[in-house]
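Pasted below: model_39.cif, mmCIF, C-alpha atoms.
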```cif
data_data
#
loop_
_atom_site.label_atom_id
_atom_site.label_comp_id
_atom_site.auth_asym_id
_atom_site.auth_seq_id
_atom_site.Cartn_x
_atom_site.Cartn_y
_atom_site.Cartn_z
CA MET A 296 -45.89 80.85 -85.90
CA ASP A 297 -42.93 82.44 -84.09
CA GLN A 298 -42.74 80.86 -80.64
CA SER A 299 -40.26 83.23 -79.00
CA PRO A 300 -41.10 84.59 -75.53
CA GLU A 301 -41.27 88.12 -76.96
CA THR A 302 -43.88 87.14 -79.55
CA PHE A 303 -45.87 85.23 -76.97
CA ARG A 304 -45.80 88.18 -74.59
CA GLY A 305 -47.12 90.35 -77.42
CA MET A 306 -50.01 87.92 -77.89
CA VAL A 307 -50.81 87.98 -74.18
CA GLU A 308 -50.81 91.77 -74.12
CA ARG A 309 -53.00 92.01 -77.23
CA HIS A 310 -55.61 89.49 -76.08
CA GLN A 311 -55.50 89.61 -72.27
CA ALA A 312 -58.48 91.97 -71.92
CA ARG A 313 -60.68 89.84 -74.19
CA VAL A 314 -59.83 86.58 -72.41
CA PHE A 315 -60.11 88.06 -68.94
CA SER A 316 -63.48 89.68 -69.78
CA ILE A 317 -64.93 86.40 -71.03
CA ALA A 318 -63.73 84.51 -67.94
CA PHE A 319 -64.85 87.25 -65.57
CA ARG A 320 -68.32 87.56 -67.08
CA ILE A 321 -68.90 83.83 -67.09
CA LEU A 322 -67.50 83.26 -63.59
CA GLY A 323 -68.39 86.51 -61.84
CA GLU A 324 -65.21 86.58 -59.73
CA THR A 325 -62.03 88.47 -60.43
CA GLY A 326 -59.63 85.99 -58.76
CA VAL A 327 -60.97 82.85 -60.39
CA ALA A 328 -61.36 84.66 -63.70
CA GLU A 329 -57.69 85.67 -63.66
CA GLU A 330 -56.65 82.11 -62.83
CA VAL A 331 -58.72 80.71 -65.70
CA ALA A 332 -57.47 83.41 -68.09
CA GLN A 333 -53.85 82.60 -67.17
CA ASP A 334 -54.51 78.89 -67.75
CA VAL A 335 -55.97 79.70 -71.16
CA PHE A 336 -52.78 81.55 -72.16
CA LEU A 337 -50.59 78.71 -70.88
CA GLU A 338 -52.66 76.32 -72.97
CA LEU A 339 -52.13 78.63 -75.94
CA HIS A 340 -48.38 78.51 -75.28
CA ARG A 341 -48.45 74.71 -75.37
CA ASN A 342 -50.38 74.81 -78.66
CA LEU A 343 -48.46 77.57 -80.43
CA GLY A 344 -47.21 75.09 -83.01
CA ARG A 345 -50.77 74.62 -84.30
CA ILE A 346 -51.67 78.31 -84.47
CA GLU A 347 -51.50 79.83 -87.93
CA ASN A 348 -51.92 83.60 -87.51
CA ASP A 349 -53.16 86.31 -85.17
CA GLU A 350 -56.76 85.95 -86.32
CA HIS A 351 -56.58 82.27 -85.50
CA VAL A 352 -55.16 83.20 -82.05
CA ALA A 353 -58.16 85.43 -81.32
CA ALA A 354 -60.69 82.77 -82.34
CA TRP A 355 -58.79 80.06 -80.45
CA LEU A 356 -58.62 82.19 -77.29
CA ARG A 357 -62.32 83.08 -77.41
CA ARG A 358 -63.33 79.45 -77.79
CA VAL A 359 -60.97 78.07 -75.14
CA ALA A 360 -61.78 80.90 -72.70
CA CYS A 361 -65.52 80.15 -72.99
CA HIS A 362 -64.95 76.42 -72.47
CA ARG A 363 -62.49 76.74 -69.58
CA ALA A 364 -64.61 79.30 -67.75
CA THR A 365 -67.71 77.14 -68.17
CA ASP A 366 -65.73 74.10 -66.95
CA ALA A 367 -64.57 76.05 -63.89
CA LEU A 368 -68.16 77.05 -63.19
CA ARG A 369 -69.28 73.41 -63.40
CA ARG A 370 -66.47 72.33 -61.06
CA ARG A 371 -67.57 75.00 -58.62
CA ALA A 372 -71.17 73.83 -58.90
CA ALA A 373 -70.08 70.25 -58.29
CA ARG A 374 -68.37 71.40 -55.11
CA GLY A 375 -71.68 72.90 -54.05
CA ASP A 376 -70.65 76.53 -54.29
CA ALA A 377 -73.93 78.45 -54.30
CA ALA A 378 -72.46 81.35 -56.25
CA ALA A 379 -71.98 79.11 -59.26
CA GLU A 380 -75.64 78.47 -59.86
CA GLU A 381 -77.43 81.74 -60.15
CA TYR A 382 -79.13 81.13 -63.39
CA GLN A 383 -82.64 80.17 -62.50
CA ASP A 384 -85.40 82.31 -63.83
CA GLY A 385 -85.90 83.92 -60.43
CA MET A 386 -87.66 87.15 -59.60
CA ALA A 387 -84.65 88.98 -58.29
CA LEU A 388 -80.93 88.59 -58.17
CA ARG A 389 -79.67 86.61 -55.23
CA PRO A 390 -77.65 88.43 -52.59
CA VAL A 391 -74.44 86.79 -53.76
CA VAL A 392 -74.87 88.42 -57.16
CA ARG A 393 -75.78 91.74 -55.60
CA ASP A 394 -72.51 91.54 -53.65
CA LEU A 395 -70.66 91.84 -56.93
CA ALA A 396 -72.19 95.24 -57.57
CA PRO A 397 -69.05 97.23 -56.79
CA VAL A 398 -67.13 95.39 -59.52
CA MET A 399 -69.77 94.45 -62.04
CA ASN A 400 -72.19 96.66 -63.89
CA ARG A 401 -75.90 95.90 -63.96
CA VAL A 402 -75.80 94.07 -67.30
CA GLU A 403 -72.89 91.93 -66.16
CA GLN A 404 -74.79 91.00 -63.01
CA LEU A 405 -77.88 90.10 -65.02
CA LEU A 406 -75.76 88.01 -67.36
CA LEU A 407 -74.73 85.86 -64.41
CA THR A 408 -78.34 84.79 -64.03
CA LEU A 409 -78.26 82.97 -67.37
CA PRO A 410 -77.08 79.36 -67.80
CA PRO A 411 -73.32 79.19 -68.45
CA SER A 412 -73.43 78.10 -72.10
CA GLN A 413 -75.96 80.84 -72.80
CA ARG A 414 -73.66 83.36 -71.10
CA ALA A 415 -70.87 82.31 -73.46
CA VAL A 416 -73.07 82.78 -76.52
CA MET A 417 -74.28 86.20 -75.29
CA LEU A 418 -70.69 87.29 -74.64
CA LEU A 419 -69.49 86.28 -78.06
CA ARG A 420 -72.42 88.19 -79.57
CA TYR A 421 -72.35 91.37 -77.49
CA GLN A 422 -68.78 91.59 -76.19
CA GLU A 423 -66.96 90.13 -79.18
CA ASP A 424 -69.50 91.38 -81.74
CA LEU A 425 -69.60 88.04 -83.59
CA GLU A 426 -72.44 87.07 -85.89
CA PRO A 427 -74.51 84.02 -84.84
CA GLU A 428 -72.98 82.01 -87.71
CA ASN A 429 -69.45 82.65 -86.38
CA ILE A 430 -70.51 81.87 -82.81
CA ALA A 431 -71.91 78.54 -84.01
CA VAL A 432 -68.59 77.74 -85.69
CA GLU A 433 -66.42 78.85 -82.76
CA LEU A 434 -68.43 77.04 -80.10
CA LYS A 435 -69.23 74.09 -82.39
CA MET A 436 -72.95 74.56 -81.74
CA PRO A 437 -75.88 74.26 -84.15
CA LEU A 438 -76.80 77.66 -85.55
CA ALA A 439 -80.41 77.17 -84.45
CA THR A 440 -79.23 76.68 -80.85
CA VAL A 441 -77.14 79.84 -81.00
CA ARG A 442 -80.06 81.86 -82.36
CA SER A 443 -82.38 80.41 -79.75
CA TYR A 444 -79.91 81.16 -76.92
CA LEU A 445 -79.55 84.73 -78.16
CA GLN A 446 -83.28 85.32 -78.51
CA ARG A 447 -84.12 83.78 -75.15
CA GLY A 448 -81.13 85.42 -73.50
CA VAL A 449 -82.08 88.91 -74.61
CA LYS A 450 -85.70 88.30 -73.64
CA MET A 451 -84.77 87.02 -70.17
CA LEU A 452 -82.28 89.81 -69.53
CA ARG A 453 -84.79 92.41 -70.64
CA ALA A 454 -87.46 90.99 -68.34
CA LYS A 455 -85.05 90.79 -65.41
CA ALA A 456 -83.77 94.27 -66.03
CA GLU A 457 -87.33 95.63 -65.95
CA ARG A 458 -88.09 93.70 -62.77
CA THR A 459 -85.00 94.86 -60.92
CA LEU A 460 -85.68 98.42 -62.05
CA LYS A 461 -89.21 98.19 -60.61
CA GLU A 462 -87.90 96.68 -57.37
CA TYR A 463 -85.30 99.41 -57.17
CA SER A 464 -87.89 102.18 -57.75
CA ARG A 465 -90.20 100.63 -55.12
CA GLY A 466 -87.31 100.97 -52.76
CA MET B 118 -78.81 88.61 -92.66
CA VAL B 119 -78.77 91.91 -90.79
CA GLU B 120 -80.68 91.71 -87.56
CA ARG B 121 -82.40 94.68 -86.01
CA ILE B 122 -80.70 95.86 -82.87
CA ASP B 123 -82.93 97.61 -80.37
CA ASP B 124 -81.99 99.91 -77.52
CA PHE B 125 -81.64 97.11 -75.03
CA GLU B 126 -79.23 95.22 -77.25
CA ARG B 127 -77.31 98.44 -77.80
CA GLU B 128 -77.08 98.77 -74.04
CA LEU B 129 -75.84 95.17 -73.86
CA LYS B 130 -73.08 95.97 -76.31
CA GLU B 131 -72.19 99.12 -74.46
CA LYS B 132 -72.07 97.49 -71.03
CA LEU B 133 -70.32 94.36 -72.26
CA ARG B 134 -67.32 96.13 -73.72
CA VAL B 135 -64.04 94.39 -73.10
CA ARG B 136 -62.73 95.06 -69.60
CA PRO B 137 -59.05 95.70 -69.02
CA ALA B 138 -57.17 92.76 -67.54
CA PRO B 139 -55.84 93.21 -63.99
CA VAL B 140 -52.58 95.14 -63.73
CA GLY B 141 -49.53 92.87 -64.17
CA PHE B 142 -51.57 90.09 -65.77
CA ALA B 143 -49.12 89.56 -68.66
CA ASP B 144 -46.16 89.44 -66.23
CA ARG B 145 -47.89 86.78 -64.16
CA VAL B 146 -48.65 84.71 -67.27
CA MET B 147 -45.04 85.00 -68.47
CA ALA B 148 -43.79 83.94 -65.03
CA ARG B 149 -45.79 80.72 -65.39
CA VAL B 150 -44.58 79.96 -68.91
CA PRO B 151 -42.13 77.06 -68.64
CA ALA B 152 -38.62 78.01 -69.73
CA ARG B 153 -37.70 76.25 -72.95
CA ARG B 154 -34.60 74.02 -72.58
CA THR B 155 -32.01 74.99 -75.10
CA TRP B 156 -28.48 73.71 -75.60
CA SER B 157 -25.98 76.08 -74.11
CA TRP B 158 -22.27 76.62 -74.42
CA LYS B 159 -22.31 76.77 -70.64
CA TRP B 160 -22.14 72.98 -70.68
CA LEU B 161 -18.59 73.28 -71.96
CA GLY B 162 -17.68 75.31 -68.91
CA MET B 163 -18.18 72.44 -66.42
CA PRO B 164 -15.36 71.62 -63.97
CA ALA B 165 -12.41 69.45 -65.03
CA TRP B 166 -13.34 66.59 -62.70
CA ARG B 167 -16.71 66.29 -64.41
CA TRP B 168 -15.04 66.14 -67.78
CA ALA B 169 -12.69 63.44 -66.38
CA VAL B 170 -15.64 61.37 -65.14
CA VAL B 171 -17.44 61.71 -68.47
CA THR B 172 -14.24 60.76 -70.39
CA LEU B 173 -13.63 57.71 -68.16
CA LEU B 174 -17.21 56.54 -68.60
CA VAL B 175 -17.05 56.88 -72.37
CA ALA B 176 -13.59 55.19 -72.52
CA GLY B 177 -14.83 52.35 -70.30
CA MET B 178 -17.81 51.77 -72.56
CA VAL B 179 -15.62 51.75 -75.68
CA VAL B 180 -12.98 49.36 -74.19
CA GLY B 181 -15.70 47.07 -72.84
CA GLY B 182 -17.35 46.93 -76.25
CA VAL B 183 -14.06 46.14 -78.05
CA GLU B 184 -13.10 43.40 -75.53
CA ARG B 185 -16.51 41.76 -75.84
CA GLU B 186 -16.24 41.73 -79.61
CA ARG B 187 -12.75 40.11 -79.40
CA GLU B 188 -14.02 37.38 -77.06
CA GLN B 189 -16.87 36.60 -79.40
CA ARG B 190 -14.48 36.38 -82.35
CA VAL B 191 -12.11 33.95 -80.51
CA ALA B 192 -15.03 31.73 -79.47
CA GLY B 193 -16.28 31.69 -83.05
CA GLU B 194 -12.85 30.67 -84.40
CA ARG B 195 -12.56 27.87 -81.82
CA ALA B 196 -15.93 26.47 -82.83
CA ARG B 197 -14.95 26.63 -86.50
CA GLU B 198 -11.76 24.70 -85.87
CA GLN B 199 -13.68 21.99 -84.01
CA VAL B 200 -16.14 21.63 -86.86
CA LEU B 201 -13.29 21.34 -89.39
CA LEU B 202 -11.54 18.67 -87.27
CA ALA B 203 -14.74 16.66 -87.02
CA LEU B 204 -15.17 16.88 -90.79
CA ARG B 205 -11.59 15.73 -91.37
CA ILE B 206 -12.05 12.68 -89.10
CA THR B 207 -15.32 11.77 -90.76
CA GLY B 208 -13.73 12.12 -94.20
CA SER B 209 -10.79 9.87 -93.38
CA THR B 210 -13.08 7.25 -91.83
CA LEU B 211 -15.26 7.23 -94.91
CA ARG B 212 -12.19 6.86 -97.11
CA ASP B 213 -11.06 3.82 -95.10
CA VAL B 214 -14.51 2.25 -95.38
CA GLN B 215 -14.52 2.81 -99.10
CA GLN B 216 -11.11 1.19 -99.38
CA LYS B 217 -12.17 -1.92 -97.42
CA VAL B 218 -15.35 -2.24 -99.43
CA ASN B 219 -13.41 -2.07 -102.65
CA THR B 220 -10.95 -4.81 -101.53
CA GLY B 221 -13.88 -7.13 -100.64
CA GLY B 222 -13.10 -7.70 -96.95
CA GLN B 223 -15.61 -7.53 -94.13
CA VAL B 224 -15.50 -4.41 -92.19
CA LYS B 225 -16.29 -4.00 -88.58
CA PHE B 226 -16.18 -0.93 -86.47
CA SER B 227 -14.63 -0.79 -83.12
CA GLN B 228 -13.99 1.95 -80.64
CA LYS B 229 -10.37 2.41 -79.82
CA GLY B 230 -8.47 5.19 -78.28
CA ALA B 231 -10.06 8.47 -77.45
CA GLY B 232 -13.41 8.01 -79.13
CA ARG B 233 -11.95 7.37 -82.60
CA THR B 234 -13.69 4.84 -84.74
CA VAL B 235 -11.20 2.36 -86.19
CA LEU B 236 -11.80 -0.06 -88.95
CA GLU B 237 -10.69 -3.61 -88.56
CA LYS B 238 -10.57 -6.13 -91.33
CA ASP B 239 -11.89 -9.58 -90.53
CA GLU B 240 -9.36 -11.94 -92.06
CA GLN B 241 -11.55 -15.00 -92.42
#
```
Rendering of file as structure tokens:
Amino acid sequence: MDQSPETFRGMVERHQARVFSIAFRILGETGVAEEVAQDVFLELHRNLGRIENDEHVAAWLRRVACHRATDALRRRAARGDAAAEEYQDGMALRPVVRDLAPVMNRVEQLLLTLPPSQRAVMLLRYQEDLEPENIAVELKMPLATVRSYLQRGVKMLRAKAERTLKEYSRG
Amino acid sequence: MVERIDDFERELKEKLRVRPAPVGFADRVMARVPARRTWSWKWLGMPAWRWAVVTLLVAGMVVGGVEREREQRVAGERAREQVLLALRITGSTLRDVQQKVNTGGQVKFSQKGAGRTVLEKDEQ
């Protein structure tokens, strides 16, 4: 593939929203998400020689963005950052997640309550509109795991959405 | 397999649409891309003293290489001459021995002069 700066810039402009959205929705923070998204593009630049076409670029970026964002989340968790681990099956969203309200919509906030790898699967399904078979290939996961993550993810989000709605209406 | 999508999943799709990247994102990525090193004609435009230093270094390496090769050749020739001399001496000694043996005299070796083996005939 052409490795000129102009071509690479074109790639960044075409795919920046997708990569940033994945990083942002897995990490829940604009600053860290931008940092991770930039790193993903720099990694793409280093690997341009192995990329075949634009479709391959999109798949490569999705996969690497999911992995790098999840890695960043784990590093944050290892440092003991409370914001990183919001994904227990709790009754309500923790304050730290509620603080994101001005930037994130309700679904995005609820998504942060899922385990990171499940977030990635949900994003590829509902943001990127990929079929479970393609998600399994891109994330190198068994198809059964992908289906199970999707089923459980939707169920958990639905339950949490209903709960937060009730809490909200109770005032 | 087509899966049924309910209202909640539709809402998920709606709310999880791709977000725009922050303004200036592409510029910031491009600023971090390492510049590729390419050969440039600018190298030819370096000052004369640099060219002189480069020329002297290259000339020094060439002259040094040639001189070393010459020294090795001279040493090789000297060694060859010594080997040939030794062979000549050995040959002449063997010829003398052969001669004495043929004439039936006793032959004894003695060291005379500068390390040369000399044959002496015992006239008994």
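Comparing the minimum interatomic distances between Val335 in chain A and each of A:Gln413, A:Asn348, A:Gln311, A:Thr408, counting all atoms listed in the file, we find that A:Gln311 sits nearest.
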Which residues, named as in the file, does the PyMOL selection byres ((chain A and resi 445-458) around 7) pick out? Answer as an MDAnalysis selection string.
chainID A and resid 405 413 416:417 441:444 459:462
Find the residues of chain B that sit at most 9 Å from chain A; for each, write down the nearest two atoms and how far apart they are in Å, to one decimal. Count all atoms listed in the file. Sort by chain, then by number going up, and give it as CSV.
```
residue,atom,partner,partner_atom,distance
B:Phe125,CA,A:Arg453,CA,7.2
B:Glu126,CA,A:Val449,CA,7.4
B:Arg127,CA,A:Tyr421,CA,8.6
B:Glu128,CA,A:Val402,CA,8.3
B:Leu129,CA,A:Tyr421,CA,6.3
B:Lys130,CA,A:Tyr421,CA,4.8
B:Glu131,CA,A:Tyr421,CA,8.3
B:Lys132,CA,A:Val402,CA,6.3
B:Leu133,CA,A:Gln422,CA,5.0
B:Arg134,CA,A:Gln422,CA,5.4
B:Val135,CA,A:Arg313,CA,5.8
B:Arg136,CA,A:Ser316,CA,5.4
B:Pro137,CA,A:Ala312,CA,4.8
B:Ala138,CA,A:Ala312,CA,4.6
B:Pro139,CA,A:Glu329,CA,7.8
B:Phe142,CA,A:Gln311,CA,7.6
B:Ala143,CA,A:Val307,CA,6.0
B:Asp144,CA,A:Arg304,CA,8.5
B:Arg145,CA,A:Gln333,CA,7.9
B:Val146,CA,A:Gln333,CA,5.6
B:Met147,CA,A:Arg304,CA,6.9
B:Arg149,CA,A:Leu337,CA,7.6
B:Val150,CA,A:Leu337,CA,6.4
B:Pro151,CA,A:Leu337,CA,8.9
```
Pairwise distance, CA of Leu339 in chain A with CA of Ala415 in chain A, equals 19.3 Å
Please put the answer as JSON: centre and edge lengths, in Å with one decimal, of a box along x, y and z that encloses all listed atoms of range 327-343 of chain A plus 3 Å on each side.
```
{"center_x": -54.9, "center_y": 80.2, "center_z": -70.4, "size_x": 19.0, "size_y": 17.0, "size_z": 26.0}
```
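One finds CA of Met436 in chain A at 26.2 Å from CA of Glu324 in chain A.
Taking CA of Ala353 in chain A and CA of Asn429 in chain A as endpoints, the distance between them is 12.7 Å.
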Rebuild N, CA and C atoms on range 392-421 of chain A, as a compact mmCIF listing (two decimals), keeping the file's coordinate frame?
```txt
# COMPACT_ATOMS: atom_id res chain seq x y z
N VAL A 392 -75.09 87.67 -55.93
CA VAL A 392 -74.87 88.42 -57.16
C VAL A 392 -74.86 89.92 -56.86
N ARG A 393 -75.74 90.31 -55.95
CA ARG A 393 -75.78 91.74 -55.60
C ARG A 393 -74.46 92.18 -54.96
N ASP A 394 -73.78 91.20 -54.28
CA ASP A 394 -72.51 91.54 -53.65
C ASP A 394 -71.44 91.94 -54.67
N LEU A 395 -71.67 91.55 -55.92
CA LEU A 395 -70.66 91.84 -56.93
C LEU A 395 -70.82 93.26 -57.48
N ALA A 396 -71.87 93.93 -57.02
CA ALA A 396 -72.19 95.24 -57.57
C ALA A 396 -71.02 96.21 -57.68
N PRO A 397 -70.14 96.26 -56.66
CA PRO A 397 -69.05 97.23 -56.79
C PRO A 397 -68.14 96.97 -57.99
N VAL A 398 -68.04 95.72 -58.42
CA VAL A 398 -67.13 95.39 -59.52
C VAL A 398 -67.86 95.28 -60.85
N MET A 399 -69.06 94.74 -60.79
CA MET A 399 -69.77 94.45 -62.04
C MET A 399 -70.86 95.47 -62.30
N ASN A 400 -71.07 95.78 -63.58
CA ASN A 400 -72.19 96.66 -63.89
C ASN A 400 -73.48 95.84 -63.93
N ARG A 401 -74.60 96.55 -64.07
CA ARG A 401 -75.90 95.90 -63.96
C ARG A 401 -76.07 94.80 -65.02
N VAL A 402 -75.64 95.06 -66.23
CA VAL A 402 -75.80 94.07 -67.30
C VAL A 402 -74.96 92.83 -67.00
N GLU A 403 -73.76 93.07 -66.49
CA GLU A 403 -72.89 91.93 -66.16
C GLU A 403 -73.52 91.08 -65.06
N GLN A 404 -74.12 91.74 -64.09
CA GLN A 404 -74.79 91.00 -63.01
C GLN A 404 -75.96 90.19 -63.55
N LEU A 405 -76.73 90.81 -64.45
CA LEU A 405 -77.88 90.10 -65.02
C LEU A 405 -77.42 88.91 -65.86
N LEU A 406 -76.30 89.09 -66.52
CA LEU A 406 -75.76 88.01 -67.36
C LEU A 406 -75.47 86.76 -66.53
N LEU A 407 -75.06 86.99 -65.28
CA LEU A 407 -74.73 85.86 -64.41
C LEU A 407 -75.96 85.03 -64.05
N THR A 408 -77.13 85.55 -64.35
CA THR A 408 -78.34 84.79 -64.03
C THR A 408 -78.73 83.84 -65.16
N LEU A 409 -77.97 83.87 -66.26
CA LEU A 409 -78.26 82.97 -67.37
C LEU A 409 -77.45 81.68 -67.22
N PRO A 410 -77.89 80.58 -67.82
CA PRO A 410 -77.08 79.36 -67.80
C PRO A 410 -75.72 79.60 -68.46
N PRO A 411 -74.68 78.91 -67.99
CA PRO A 411 -73.32 79.19 -68.45
C PRO A 411 -73.13 79.16 -69.97
N SER A 412 -73.67 78.16 -70.64
CA SER A 412 -73.43 78.10 -72.10
C SER A 412 -74.13 79.25 -72.80
N GLN A 413 -75.25 79.70 -72.22
CA GLN A 413 -75.96 80.84 -72.80
C GLN A 413 -75.16 82.14 -72.56
N ARG A 414 -74.52 82.20 -71.38
CA ARG A 414 -73.66 83.36 -71.10
C ARG A 414 -72.58 83.47 -72.16
N ALA A 415 -71.97 82.31 -72.49
CA ALA A 415 -70.87 82.31 -73.46
C ALA A 415 -71.36 82.82 -74.81
N VAL A 416 -72.53 82.35 -75.22
CA VAL A 416 -73.07 82.78 -76.52
C VAL A 416 -73.36 84.29 -76.50
N MET A 417 -73.96 84.76 -75.41
CA MET A 417 -74.28 86.20 -75.29
C MET A 417 -73.00 87.04 -75.31
N LEU A 418 -71.95 86.53 -74.67
CA LEU A 418 -70.69 87.29 -74.64
C LEU A 418 -70.07 87.38 -76.02
N LEU A 419 -70.08 86.24 -76.72
CA LEU A 419 -69.49 86.28 -78.06
C LEU A 419 -70.29 87.22 -78.97
N ARG A 420 -71.60 87.31 -78.73
CA ARG A 420 -72.42 88.19 -79.57
C ARG A 420 -72.23 89.67 -79.18
N TYR A 421 -72.31 89.95 -77.88
CA TYR A 421 -72.35 91.37 -77.49
C TYR A 421 -71.00 91.93 -77.02
```
